[in-house]
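Student: The file below is structure36.cif, mmCIF, C-alpha atoms and all ligand atoms:
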```cif
data_model
loop_
_atom_site.label_atom_id
_atom_site.label_comp_id
_atom_site.auth_asym_id
_atom_site.auth_seq_id
_atom_site.Cartn_x
_atom_site.Cartn_y
_atom_site.Cartn_z
CA MET A 30 -17.49 -22.18 25.12
CA ASN A 31 -14.36 -20.47 26.21
CA PHE A 32 -14.18 -17.05 24.60
CA THR A 33 -11.08 -16.11 26.53
CA GLU A 34 -9.06 -18.33 24.25
CA LYS A 35 -8.35 -16.29 21.14
CA ILE A 36 -8.94 -17.73 17.69
CA SER A 37 -6.50 -16.98 14.91
CA LEU A 38 -8.68 -15.77 12.06
CA GLU A 39 -5.89 -16.32 9.58
CA GLU A 40 -5.52 -19.92 10.64
CA ILE A 41 -9.22 -20.66 10.70
CA SER A 42 -9.85 -19.13 7.30
CA GLY A 43 -6.97 -21.23 6.00
CA LYS A 44 -7.28 -24.20 3.76
CA ARG A 45 -9.25 -26.65 5.91
CA PHE A 46 -11.99 -24.21 6.81
CA LYS A 47 -12.07 -22.79 3.30
CA ILE A 48 -13.17 -26.13 1.91
CA ARG A 49 -16.24 -26.03 4.11
CA VAL A 50 -17.54 -22.52 4.05
CA ILE A 51 -15.53 -19.90 2.22
CA GLU A 52 -16.03 -19.63 -1.48
CA PRO A 53 -13.09 -18.28 -3.47
CA GLU A 54 -12.99 -14.47 -3.66
CA SER A 55 -15.05 -14.29 -0.52
CA ASN A 56 -15.20 -11.00 1.37
CA LYS A 57 -15.85 -12.70 4.68
CA ASP A 58 -12.47 -12.02 6.27
CA ALA A 59 -12.65 -8.42 5.07
CA VAL A 60 -16.16 -7.95 6.46
CA LEU A 61 -15.29 -9.49 9.79
CA THR A 62 -12.08 -7.56 10.34
CA HIS A 63 -13.67 -4.30 9.18
CA TYR A 64 -16.46 -4.91 11.70
CA MET A 65 -14.04 -5.50 14.54
CA HIS A 66 -11.90 -2.51 13.64
CA ASN A 67 -14.89 -0.22 13.65
CA HIS A 68 -16.62 -1.60 16.67
CA SER A 69 -16.63 1.65 18.57
CA ASN A 70 -17.69 3.94 15.75
CA GLY A 71 -20.82 4.16 13.65
CA THR A 72 -19.14 2.48 10.70
CA SER A 73 -19.45 -1.04 12.11
CA LYS A 74 -23.15 -1.08 11.19
CA PHE A 75 -22.10 -1.45 7.54
CA TYR A 76 -20.48 -4.78 8.32
CA LYS A 77 -22.46 -6.08 11.30
CA LYS A 78 -24.94 -8.49 9.71
CA ASP A 79 -22.37 -10.31 7.57
CA ALA A 80 -19.78 -10.29 10.34
CA ILE A 81 -22.14 -12.03 12.76
CA GLU A 82 -23.14 -14.61 10.16
CA TYR A 83 -19.54 -15.43 9.45
CA THR A 84 -18.65 -15.65 13.14
CA LYS A 85 -21.53 -18.11 13.55
CA GLU A 86 -20.02 -20.27 10.81
CA ILE A 87 -16.60 -20.17 12.42
CA LEU A 88 -17.92 -21.00 15.89
CA GLN A 89 -20.07 -23.80 14.53
CA TYR A 90 -17.00 -25.23 12.83
CA LYS A 91 -14.93 -24.93 15.99
CA TYR A 92 -17.65 -26.21 18.35
CA PRO A 93 -19.69 -28.63 16.21
CA ASP A 94 -21.71 -29.96 19.15
CA GLU A 95 -23.00 -26.56 20.29
CA SER A 96 -25.91 -24.64 18.85
CA ILE A 97 -24.57 -21.23 17.86
CA THR A 98 -27.06 -18.39 17.68
CA SER A 99 -26.51 -14.85 16.42
CA ILE A 100 -26.53 -13.64 20.02
CA VAL A 101 -23.74 -16.03 20.95
CA ALA A 102 -21.77 -14.94 17.88
CA GLU A 103 -22.19 -11.25 18.72
CA GLU A 104 -21.16 -11.84 22.30
CA ALA A 105 -18.13 -13.76 21.13
CA LEU A 106 -17.12 -10.85 18.96
CA GLN A 107 -17.55 -8.45 21.86
CA TYR A 108 -15.31 -10.62 24.02
CA GLY A 109 -12.59 -10.20 21.40
CA LEU A 110 -12.75 -13.72 20.04
CA PHE A 111 -10.13 -13.23 17.37
CA ASP A 112 -6.47 -12.29 17.54
CA THR A 113 -7.00 -9.47 15.03
CA PHE A 114 -5.45 -6.76 17.15
CA GLU A 115 -2.24 -8.59 17.95
CA VAL A 116 -0.38 -6.75 15.21
CA PRO A 117 2.30 -4.04 15.21
CA PHE A 118 -0.02 -1.29 13.93
CA PRO A 119 -3.49 -1.67 15.47
CA PRO A 120 -6.04 1.10 14.94
CA THR A 121 -5.70 4.39 16.76
CA GLU A 122 -7.70 4.56 20.03
CA SER A 123 -9.10 8.06 19.75
CA PRO A 124 -8.99 8.96 16.08
CA LYS A 125 -8.80 12.57 14.93
CA PHE A 126 -10.16 11.85 11.44
CA GLU A 127 -11.30 8.98 9.21
CA PHE A 128 -9.95 7.89 5.86
CA ILE A 129 -10.30 5.14 3.26
CA ASP A 130 -7.35 3.34 1.70
CA LEU A 131 -7.94 2.38 -1.97
CA PHE A 132 -5.42 0.35 -4.05
CA ALA A 133 -3.98 -0.17 -0.62
CA GLY A 134 -1.03 -2.43 -1.47
CA ILE A 135 0.68 -3.08 1.83
CA GLY A 136 -0.70 0.03 3.48
CA GLY A 137 1.84 2.80 2.91
CA PHE A 138 -0.91 5.42 3.07
CA ARG A 139 -2.41 3.72 6.09
CA MET A 140 0.90 3.78 7.95
CA ALA A 141 1.33 7.50 7.29
CA LEU A 142 -2.26 8.42 8.19
CA GLN A 143 -2.40 6.27 11.32
CA ASN A 144 0.80 8.02 12.41
CA LEU A 145 -1.15 11.27 12.14
CA GLY A 146 -3.99 9.97 14.32
CA GLY A 147 -6.30 8.80 11.53
CA LYS A 148 -8.63 5.82 11.52
CA CYS A 149 -8.99 3.71 8.40
CA VAL A 150 -12.66 2.80 7.87
CA PHE A 151 -12.40 0.91 4.57
CA THR A 152 -9.63 -0.63 2.54
CA SER A 153 -9.45 -2.39 -0.82
CA GLU A 154 -6.64 -4.35 -2.48
CA TRP A 155 -7.07 -7.41 -4.64
CA ASP A 156 -3.61 -8.97 -4.61
CA LYS A 157 -3.58 -11.99 -2.31
CA GLU A 158 0.02 -11.63 -1.17
CA ALA A 159 -0.31 -7.89 -0.54
CA LYS A 160 -3.41 -8.63 1.56
CA ARG A 161 -1.33 -11.03 3.67
CA THR A 162 1.22 -8.34 4.43
CA TYR A 163 -1.54 -5.82 5.12
CA ARG A 164 -3.30 -8.12 7.56
CA ALA A 165 -0.07 -9.09 9.33
CA ASN A 166 0.59 -5.44 10.10
CA PHE A 167 -2.78 -3.76 10.54
CA GLY A 168 -4.99 -6.72 11.48
CA GLU A 169 -7.51 -5.87 8.79
CA VAL A 170 -8.11 -7.72 5.52
CA PRO A 171 -8.71 -5.45 2.52
CA PHE A 172 -11.79 -5.95 0.37
CA GLY A 173 -11.08 -7.08 -3.21
CA ASP A 174 -11.74 -5.66 -6.67
CA ILE A 175 -12.84 -2.04 -6.28
CA THR A 176 -14.41 -1.97 -9.74
CA LYS A 177 -17.14 -4.29 -8.47
CA GLU A 178 -20.33 -2.69 -7.23
CA GLU A 179 -20.57 -5.21 -4.41
CA ILE A 180 -17.22 -4.05 -3.03
CA LYS A 181 -18.11 -0.38 -3.40
CA SER A 182 -21.30 -1.04 -1.45
CA TYR A 183 -19.22 -1.74 1.66
CA ILE A 184 -17.71 1.75 1.70
CA PRO A 185 -19.14 3.68 4.64
CA ASP A 186 -20.39 7.27 4.55
CA GLY A 187 -18.93 10.27 6.27
CA PHE A 188 -15.16 9.68 6.13
CA ASP A 189 -12.88 12.72 5.81
CA LEU A 190 -10.17 11.70 3.38
CA LEU A 191 -9.95 9.36 0.38
CA CYS A 192 -6.47 8.03 -0.42
CA ALA A 193 -5.61 6.21 -3.62
CA GLY A 194 -2.42 5.32 -5.46
CA PHE A 195 -4.25 4.10 -8.55
CA PRO A 196 -2.54 2.56 -11.60
CA CYS A 197 -2.11 4.98 -14.51
CA GLN A 198 -4.26 4.17 -17.60
CA SER A 199 -5.15 5.96 -20.82
CA PHE A 200 -8.56 7.46 -21.40
CA SER A 201 -10.03 7.43 -24.88
CA ILE A 202 -10.88 11.07 -25.27
CA ALA A 203 -12.24 12.48 -28.46
CA GLY A 204 -11.57 16.15 -27.77
CA LYS A 205 -8.64 17.82 -26.06
CA ARG A 206 -9.75 17.40 -22.51
CA GLY A 207 -12.06 14.67 -21.28
CA GLY A 208 -14.76 14.59 -18.64
CA PHE A 209 -16.21 12.06 -16.23
CA ASP A 210 -17.72 9.79 -18.92
CA ASP A 211 -14.50 9.63 -20.91
CA THR A 212 -12.77 7.97 -17.97
CA ARG A 213 -15.24 5.05 -17.87
CA GLY A 214 -13.59 1.65 -17.79
CA THR A 215 -10.46 2.91 -16.04
CA LEU A 216 -9.55 2.70 -12.38
CA PHE A 217 -9.62 6.49 -12.12
CA PHE A 218 -13.30 6.27 -13.04
CA ASP A 219 -13.89 4.07 -9.98
CA VAL A 220 -12.06 6.55 -7.78
CA ALA A 221 -14.10 9.42 -9.25
CA GLU A 222 -17.32 7.45 -8.80
CA ILE A 223 -16.56 6.90 -5.10
CA ILE A 224 -15.75 10.60 -4.66
CA LYS A 225 -19.04 11.50 -6.34
CA ARG A 226 -21.07 9.21 -4.10
CA LYS A 227 -19.32 9.79 -0.79
CA ARG A 228 -18.15 13.40 -1.07
CA PRO A 229 -15.17 13.14 1.31
CA LYS A 230 -13.79 16.44 2.57
CA ALA A 231 -10.43 15.81 0.94
CA ILE A 232 -8.70 13.51 -1.51
CA PHE A 233 -5.07 12.49 -1.81
CA LEU A 234 -4.05 10.70 -5.01
CA GLU A 235 -0.59 9.43 -5.81
CA ASN A 236 0.82 8.29 -9.12
CA VAL A 237 4.00 7.84 -11.13
CA LYS A 238 5.75 10.99 -12.29
CA GLY A 239 5.06 9.93 -15.89
CA LEU A 240 1.37 10.71 -15.40
CA ARG A 241 2.26 14.36 -16.07
CA ASN A 242 3.18 13.64 -19.69
CA HIS A 243 1.04 10.57 -20.21
CA ASN A 244 -0.81 10.70 -23.53
CA GLY A 245 0.60 14.13 -24.26
CA GLY A 246 -0.54 15.47 -20.90
CA ARG A 247 -4.20 14.68 -21.65
CA THR A 248 -4.56 12.00 -18.98
CA LEU A 249 -3.64 14.39 -16.19
CA GLU A 250 -5.65 17.20 -17.71
CA THR A 251 -8.72 14.97 -17.77
CA ILE A 252 -8.21 13.89 -14.18
CA LEU A 253 -7.95 17.52 -13.07
CA ASN A 254 -10.95 18.52 -15.14
CA VAL A 255 -13.08 15.77 -13.61
CA LEU A 256 -12.02 16.59 -10.06
CA ARG A 257 -12.32 20.36 -10.41
CA ASN A 258 -15.29 20.78 -12.68
CA ASP A 259 -17.38 17.60 -12.57
CA LEU A 260 -16.83 16.79 -8.91
CA ASP A 261 -16.43 20.35 -7.62
CA TYR A 262 -13.19 20.07 -5.68
CA TYR A 263 -10.51 22.69 -5.21
CA VAL A 264 -7.41 21.04 -6.67
CA PRO A 265 -4.14 22.96 -6.53
CA GLU A 266 -1.48 22.32 -9.18
CA PRO A 267 -0.21 18.75 -8.64
CA GLN A 268 3.31 18.49 -7.32
CA ILE A 269 6.19 16.12 -8.01
CA ILE A 270 7.60 15.05 -4.67
CA ASN A 271 10.88 13.20 -4.18
CA ALA A 272 10.98 10.69 -1.31
CA ARG A 273 14.61 11.64 -0.76
CA ASP A 274 13.59 15.11 0.39
CA PHE A 275 11.70 13.55 3.29
CA GLY A 276 14.37 11.52 4.99
CA VAL A 277 14.91 8.28 3.02
CA PRO A 278 17.96 7.59 0.81
CA GLN A 279 15.91 6.89 -2.32
CA ASN A 280 15.38 9.08 -5.36
CA ARG A 281 11.72 8.37 -5.98
CA GLU A 282 9.67 11.04 -7.64
CA ARG A 283 5.92 10.73 -7.60
CA ILE A 284 3.09 13.05 -8.51
CA TYR A 285 0.70 14.03 -5.72
CA ILE A 286 -2.80 15.29 -6.48
CA ILE A 287 -4.69 16.87 -3.60
CA GLY A 288 -8.26 18.10 -3.48
CA PHE A 289 -10.69 19.74 -1.06
CA ARG A 290 -14.47 19.80 -1.35
CA LYS A 291 -15.30 23.32 -2.52
CA ASP A 292 -17.85 24.06 0.20
CA LEU A 293 -15.01 23.93 2.76
CA ASN A 294 -13.69 27.16 1.27
CA ILE A 295 -10.10 26.01 1.20
CA ASN A 296 -8.49 27.95 -1.61
CA GLU A 297 -4.81 27.48 -0.91
CA PHE A 298 -2.58 24.53 -0.31
CA GLU A 299 1.09 24.52 0.51
CA TYR A 300 3.00 21.30 -0.17
CA PRO A 301 5.47 20.34 2.54
CA LYS A 302 8.99 21.73 2.35
CA PRO A 303 11.87 19.25 2.03
CA THR A 304 13.29 18.33 5.40
CA ASN A 305 16.82 18.58 3.99
CA LYS A 306 17.95 15.80 6.27
CA ASP A 307 21.03 14.18 4.79
CA VAL A 308 20.41 10.49 4.41
CA ILE A 309 22.64 7.91 2.84
CA PHE A 310 22.34 4.23 2.10
CA ALA A 311 24.40 3.33 5.21
CA ASP A 312 21.44 4.62 7.28
CA VAL A 313 19.22 1.80 6.01
CA LYS A 314 21.82 -0.91 5.41
CA GLU A 315 21.15 -4.16 7.21
CA GLU A 316 23.76 -5.08 9.78
CA ILE A 317 23.55 -8.80 9.27
CA VAL A 318 22.68 -10.21 5.87
CA PRO A 319 22.44 -13.99 5.42
CA PRO A 320 25.91 -14.72 4.07
CA THR A 321 24.84 -16.30 0.82
CA LYS A 322 21.20 -15.54 0.08
CA TYR A 323 21.53 -12.01 -1.30
CA PHE A 324 25.04 -12.11 -2.73
CA LEU A 325 25.47 -12.72 -6.43
CA SER A 326 27.69 -15.26 -8.12
CA THR A 327 30.76 -14.08 -10.02
CA GLN A 328 29.15 -15.43 -13.15
CA TYR A 329 25.92 -13.47 -12.61
CA VAL A 330 27.79 -10.23 -11.88
CA GLN A 331 29.59 -10.72 -15.21
CA THR A 332 26.22 -11.23 -16.98
CA LEU A 333 24.98 -7.95 -15.53
CA ILE A 334 28.15 -6.14 -16.61
CA ASN A 335 27.83 -7.53 -20.16
CA HIS A 336 24.17 -6.62 -20.30
CA LYS A 337 24.84 -3.09 -19.14
CA GLU A 338 27.65 -2.59 -21.65
CA ARG A 339 25.56 -3.93 -24.49
CA HIS A 340 22.66 -1.63 -23.72
CA ALA A 341 24.79 1.40 -22.93
CA SER A 342 26.34 1.11 -26.39
CA LYS A 343 22.81 1.33 -27.80
CA GLY A 344 22.43 4.49 -25.81
CA ASN A 345 19.45 3.51 -23.70
CA GLY A 346 21.42 3.39 -20.47
CA PHE A 347 19.73 0.34 -19.02
CA GLY A 348 21.72 -1.26 -16.28
CA PHE A 349 22.41 -1.84 -12.67
CA GLU A 350 23.94 0.63 -10.24
CA ILE A 351 26.09 -0.21 -7.31
CA ILE A 352 25.01 2.01 -4.45
CA SER A 353 27.84 2.81 -2.08
CA ASP A 354 27.29 3.28 1.63
CA ASP A 355 27.25 7.06 1.27
CA GLY A 356 25.04 6.98 -1.85
CA VAL A 357 21.30 7.25 -2.51
CA ALA A 358 19.31 4.43 -4.14
CA ASN A 359 17.42 4.73 -7.41
CA ALA A 360 13.66 4.33 -7.19
CA ILE A 361 12.94 0.76 -6.19
CA VAL A 362 10.65 -1.00 -8.64
CA VAL A 363 10.31 -4.56 -9.85
CA GLY A 364 9.79 -5.87 -13.32
CA GLY A 365 12.48 -7.32 -15.51
CA MET A 366 15.67 -7.23 -13.53
CA GLY A 367 14.20 -4.66 -11.16
CA ARG A 368 15.46 -5.89 -7.86
CA GLU A 369 18.91 -6.48 -9.29
CA ARG A 370 19.16 -2.89 -10.44
CA ASN A 371 20.02 -1.53 -7.04
CA LEU A 372 23.09 -3.43 -5.91
CA VAL A 373 25.11 -2.83 -2.82
CA LEU A 374 28.74 -3.24 -1.92
CA ASP A 375 29.08 -5.30 1.19
CA ASN A 376 32.28 -7.20 1.70
CA ARG A 377 31.48 -8.77 5.01
CA ILE A 378 31.01 -12.14 3.35
CA THR A 379 33.63 -14.78 4.01
CA ASP A 380 32.02 -17.82 2.42
CA PHE A 381 32.42 -17.84 -1.36
CA THR A 382 31.17 -21.35 -2.02
CA PRO A 383 28.18 -22.15 -4.27
CA THR A 384 24.80 -22.49 -2.53
CA THR A 385 21.31 -23.53 -3.52
CA HIS A 386 20.31 -19.85 -3.86
CA ILE A 387 23.31 -18.85 -5.90
CA LYS A 388 24.16 -20.71 -9.03
CA GLY A 389 27.95 -20.55 -9.20
CA VAL A 390 30.52 -19.22 -6.79
CA VAL A 391 29.73 -16.14 -4.69
CA ASN A 392 31.58 -13.07 -5.96
CA ARG A 393 34.55 -11.83 -3.92
CA ASP A 394 33.80 -8.17 -4.50
CA GLY A 395 30.96 -8.10 -2.00
CA ILE A 396 28.28 -7.25 -4.57
CA ARG A 397 24.82 -8.18 -3.40
CA LYS A 398 21.16 -7.35 -3.89
CA MET A 399 19.42 -5.18 -1.36
CA THR A 400 17.32 -7.15 1.09
CA PRO A 401 13.53 -6.78 1.47
CA ARG A 402 14.14 -5.07 4.83
CA GLU A 403 16.39 -2.53 3.13
CA TRP A 404 13.63 -1.90 0.58
CA ALA A 405 11.16 -1.47 3.45
CA ARG A 406 13.48 1.09 5.02
CA LEU A 407 13.97 2.89 1.70
CA GLN A 408 10.20 3.44 1.70
CA GLY A 409 10.24 4.59 5.32
CA PHE A 410 8.53 1.55 6.87
CA PRO A 411 9.64 1.01 10.49
CA ASP A 412 11.55 -2.13 11.41
CA ASN A 413 8.61 -3.67 13.28
CA PHE A 414 6.72 -3.82 9.97
CA ASN A 415 6.14 -7.54 9.38
CA ILE A 416 7.24 -9.09 6.11
CA PRO A 417 5.29 -12.39 6.12
CA VAL A 418 5.69 -13.18 2.40
CA ALA A 419 8.44 -14.71 0.27
CA ASP A 420 11.16 -12.35 -0.99
CA ALA A 421 9.82 -12.18 -4.56
CA SER A 422 6.48 -10.87 -3.26
CA ALA A 423 8.14 -8.58 -0.74
CA TYR A 424 10.22 -6.83 -3.43
CA LYS A 425 7.11 -6.39 -5.55
CA GLN A 426 5.14 -4.99 -2.63
CA PHE A 427 7.76 -2.50 -1.43
CA GLY A 428 8.51 -1.53 -5.02
CA ASN A 429 4.82 -0.76 -5.57
CA SER A 430 4.36 1.04 -2.31
CA VAL A 431 4.53 4.70 -1.42
CA ALA A 432 7.33 6.37 0.50
CA VAL A 433 5.67 6.76 3.90
CA PRO A 434 7.48 9.91 5.15
CA ALA A 435 6.70 11.94 2.00
CA ILE A 436 3.05 10.86 2.13
CA GLN A 437 2.88 11.66 5.84
CA ALA A 438 4.39 15.14 5.44
CA THR A 439 1.84 15.97 2.72
CA ALA A 440 -1.11 14.40 4.54
CA SER A 441 -0.20 16.39 7.63
CA LYS A 442 -0.72 19.60 5.62
CA ILE A 443 -4.12 18.33 4.45
CA ILE A 444 -5.22 17.41 7.97
CA ASP A 445 -4.07 20.79 9.35
CA LEU A 446 -6.33 22.55 6.86
CA LEU A 447 -9.27 20.24 7.59
CA LYS A 448 -8.92 20.95 11.32
CA LYS A 449 -9.41 24.65 10.64
CA THR A 450 -12.74 23.97 8.93
CA LYS A 451 -14.31 22.28 11.95
C1 LIG A 501 0.73 1.34 -7.09
S1 LIG A 501 0.06 0.09 -6.07
C2 LIG A 501 -0.37 1.02 -4.64
C3 LIG A 501 0.42 0.65 -3.41
C4 LIG A 501 0.02 1.28 -2.11
N1 LIG A 501 -0.21 2.70 -2.20
C5 LIG A 501 1.02 0.95 -1.00
O1 LIG A 501 1.39 1.84 -0.24
O2 LIG A 501 1.47 -0.18 -0.91
C6 LIG A 501 -1.50 -0.23 -6.82
C7 LIG A 501 -2.23 -1.38 -6.17
O3 LIG A 501 -3.54 -1.44 -6.71
C8 LIG A 501 -3.96 -2.80 -6.70
N2 LIG A 501 -5.09 -2.92 -7.63
C9 LIG A 501 -5.08 -2.77 -8.97
N3 LIG A 501 -6.32 -2.92 -9.47
C10 LIG A 501 -7.15 -3.15 -8.42
C11 LIG A 501 -8.56 -3.38 -8.30
N4 LIG A 501 -9.35 -3.39 -9.37
N5 LIG A 501 -9.08 -3.56 -7.07
C12 LIG A 501 -8.28 -3.53 -5.97
N6 LIG A 501 -6.94 -3.33 -6.03
C13 LIG A 501 -6.38 -3.14 -7.23
C14 LIG A 501 -2.70 -3.55 -7.12
O4 LIG A 501 -2.76 -4.90 -6.74
C15 LIG A 501 -1.60 -2.75 -6.42
O5 LIG A 501 -1.26 -3.31 -5.20
#
```
Output the file's structure as structure tokens, nothing else.
Tutor:
Amino acid sequence: MNFTEKISLEEISGKRFKIRVIEPESNKDAVLTHYMHNHSNGTSKFYKKDAIEYTKEILQYKYPDESITSIVAEEALQYGLFDTFEVPFPPTESPKFEFIDLFAGIGGFRMALQNLGGKCVFTSEWDKEAKRTYRANFGEVPFGDITKEEIKSYIPDGFDLLCAGFPCQSFSIAGKRGGFDDTRGTLFFDVAEIIKRKRPKAIFLENVKGLRNHNGGRTLETILNVLRNDLDYYVPEPQIINARDFGVPQNRERIYIIGFRKDLNINEFEYPKPTNKDVIFADVKEEIVPPTKYFLSTQYVQTLINHKERHASKGNGFGFEIISDDGVANAIVVGGMGRERNLVLDNRITDFTPTTHIKGVVNRDGIRKMTPREWARLQGFPDNFNIPVADASAYKQFGNSVAVPAIQATASKIIDLLKKTK
């Protein structure tokens, strides 16, 4: 067997192989990549047994005439059998701290924390397309549904920081302020459960700004009560942070909740100060945009104008905005006409004919949608970030993601404090 020839794990776990050995919803790719990524630290022991079994299956499939033992499989893994690390953002060589990435999406937290010298030791995300983007950039496949005990059982011990941008849900609380049990059945409960079991030194939660007033403020109050009183963390007042203040031309306000295990005796936390760097849309605008794909037809532009006028007259202000080169984008989100809300003026187009992408004739005013790469840049992802999915998924993924620079600036403050406790 020639272990010097790398195997593409993505290819092998593709359709043909799946029919033979991988059941749907299998964690095998996640286990295997987590094992490889943690080969040089103690965490790999959590994944070793399953990773070797799976490698045996793959080798047996690839070399049907050979007898593959566990020893051969382990050796193959040590020789770097798979192409897992041929990605733009492989793990840090000598990590300064360890973190886990929950509700990972496409890895906005991971990008920020790897930039600070952190090593991700566990990640979970259940959306298939988001997993594809994650793998194409970090070489690791996230585990699936974090509410399942089986998935939680893969989380290693001893990591420093838990990161989670969990979806906002209501708790059914009888009294004014709820506790741990009142959050049962929500995704926050799963986050709290993991904190309770693993006791990381610090936590970094991100959510929509609306969490502050959600259910009359009771949702946030319950979260803070659980973290501070049930789980015994020092949690400073949460802060609304605008991505724009950290170097991207996007007004995106999100609430950040930070916590430190009380025995660390950290009693103060200072959120990062805005960098006050002036950024405008021109800084992220793509130089070359496929002439027809992102431009809108005259007819469609008219539909948007009509829609906006109709809704503005009802006073709810729904509508699109045209962002000029020196402007700042609204928060990018999808849903409804989400990606068509942030339009751009770009009159470099010369071909106004109808195409398969555009129903009707391309407008002469140069009005187009932003491209997925522009959305990536609005969230602070570098240009070597791979976008392996179709545009519709890419918009959803970047719209769901965090703004990397704002997360990084805040995480840097957390890590600085943790360093002092060593
Ligand atoms: C707001 S997004 C977080 C995005 C992420 N912070 C990033 O930088 O891309 C929430 C993510 O949680 C995922 N999710 C929701 N419920 C989940 C579950 N039960 N298990 C795993 N992932 C889940 C969604 O698919 C979505 O990608």
Student: Hey, which of A:Arg290, A:Lys181, A:Lys230, A:Lys322 ends up closest to ligand LIG 501 (chain A)? Count all atoms listed in the file.
Tutor: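 Of A:Arg290, A:Lys181, A:Lys230, A:Lys322, the one nearest ligand LIG 501 (chain A) is A:Lys181, counting all atoms listed in the file.
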Student: Kindly indicate which residue among A:Ile287, A:Ala133, A:Ile361, A:Ala421 lies nearest to A:Glu299, using all atoms listed in the file for the distances.
Tutor: A:Ile287
Student: Taking only C-alpha atoms and all ligand atoms into account, produce a table as JSON lines in which each residue of chain A with an atom at most 7 Å from an atom of ligand LIG 501 (chain A) appears once, together with its shortest atom pair and the distance in Å to one decimal, ordered by chain and rising number.
Tutor:
```
{"residue": "A:Phe132", "atom": "CA", "partner": "A:LIG501", "partner_atom": "O3", "distance": 3.7}
{"residue": "A:Ala133", "atom": "CA", "partner": "A:LIG501", "partner_atom": "C4", "distance": 4.5}
{"residue": "A:Gly134", "atom": "CA", "partner": "A:LIG501", "partner_atom": "O2", "distance": 3.4}
{"residue": "A:Ile135", "atom": "CA", "partner": "A:LIG501", "partner_atom": "O2", "distance": 4.1}
{"residue": "A:Gly136", "atom": "CA", "partner": "A:LIG501", "partner_atom": "O1", "distance": 4.6}
{"residue": "A:Gly137", "atom": "CA", "partner": "A:LIG501", "partner_atom": "O1", "distance": 3.3}
{"residue": "A:Phe138", "atom": "CA", "partner": "A:LIG501", "partner_atom": "O1", "distance": 5.4}
{"residue": "A:Ser153", "atom": "CA", "partner": "A:LIG501", "partner_atom": "C12", "distance": 5.4}
{"residue": "A:Glu154", "atom": "CA", "partner": "A:LIG501", "partner_atom": "N6", "distance": 3.7}
{"residue": "A:Trp155", "atom": "CA", "partner": "A:LIG501", "partner_atom": "C12", "distance": 4.3}
{"residue": "A:Asp156", "atom": "CA", "partner": "A:LIG501", "partner_atom": "O4", "distance": 4.7}
{"residue": "A:Ala159", "atom": "CA", "partner": "A:LIG501", "partner_atom": "O5", "distance": 6.6}
{"residue": "A:Gly173", "atom": "CA", "partner": "A:LIG501", "partner_atom": "C12", "distance": 5.3}
{"residue": "A:Asp174", "atom": "CA", "partner": "A:LIG501", "partner_atom": "N5", "distance": 3.4}
{"residue": "A:Ile175", "atom": "CA", "partner": "A:LIG501", "partner_atom": "N5", "distance": 4.1}
{"residue": "A:Thr176", "atom": "CA", "partner": "A:LIG501", "partner_atom": "N4", "distance": 5.3}
{"residue": "A:Ala193", "atom": "CA", "partner": "A:LIG501", "partner_atom": "N1", "distance": 6.6}
{"residue": "A:Gly194", "atom": "CA", "partner": "A:LIG501", "partner_atom": "N1", "distance": 4.7}
{"residue": "A:Phe195", "atom": "CA", "partner": "A:LIG501", "partner_atom": "C6", "distance": 5.4}
{"residue": "A:Pro196", "atom": "CA", "partner": "A:LIG501", "partner_atom": "C6", "distance": 5.6}
{"residue": "A:Leu216", "atom": "CA", "partner": "A:LIG501", "partner_atom": "N4", "distance": 6.8}
{"residue": "A:Gln426", "atom": "CA", "partner": "A:LIG501", "partner_atom": "O2", "distance": 6.3}
{"residue": "A:Phe427", "atom": "CA", "partner": "A:LIG501", "partner_atom": "O2", "distance": 6.7}
{"residue": "A:Asn429", "atom": "CA", "partner": "A:LIG501", "partner_atom": "C1", "distance": 4.8}
{"residue": "A:Ser430", "atom": "CA", "partner": "A:LIG501", "partner_atom": "O2", "distance": 3.4}
{"residue": "A:Val431", "atom": "CA", "partner": "A:LIG501", "partner_atom": "O1", "distance": 4.4}
```
Student: Expressed in Å to a single decimal, how great is the separation between atom CA of A:Val264 and atom CA of A:Tyr183?
Tutor: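 The value is 27.0 Å.
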Student: Write out as a short mmCIF file (atom, residue, chain, number, x, y, z; two decimals) with C-alpha atoms, keeping the file's coordinate frame the residues lying within 12 Å of A:Val363, counting all atoms listed in the file and excluding same-chain residues fewer than 2 positions away.
Tutor:
```
data_model
loop_
_atom_site.label_atom_id
_atom_site.label_comp_id
_atom_site.auth_asym_id
_atom_site.auth_seq_id
_atom_site.Cartn_x
_atom_site.Cartn_y
_atom_site.Cartn_z
CA ASN A 359 17.42 4.73 -7.41
CA ALA A 360 13.66 4.33 -7.19
CA ILE A 361 12.94 0.76 -6.19
CA GLY A 365 12.48 -7.32 -15.51
CA MET A 366 15.67 -7.23 -13.53
CA GLY A 367 14.20 -4.66 -11.16
CA ARG A 368 15.46 -5.89 -7.86
CA GLU A 369 18.91 -6.48 -9.29
CA ARG A 370 19.16 -2.89 -10.44
CA ASN A 371 20.02 -1.53 -7.04
CA PRO A 401 13.53 -6.78 1.47
CA TRP A 404 13.63 -1.90 0.58
CA ASP A 420 11.16 -12.35 -0.99
CA ALA A 421 9.82 -12.18 -4.56
CA SER A 422 6.48 -10.87 -3.26
CA ALA A 423 8.14 -8.58 -0.74
CA TYR A 424 10.22 -6.83 -3.43
CA LYS A 425 7.11 -6.39 -5.55
CA GLN A 426 5.14 -4.99 -2.63
CA PHE A 427 7.76 -2.50 -1.43
CA GLY A 428 8.51 -1.53 -5.02
CA ASN A 429 4.82 -0.76 -5.57
CA SER A 430 4.36 1.04 -2.31
#
```
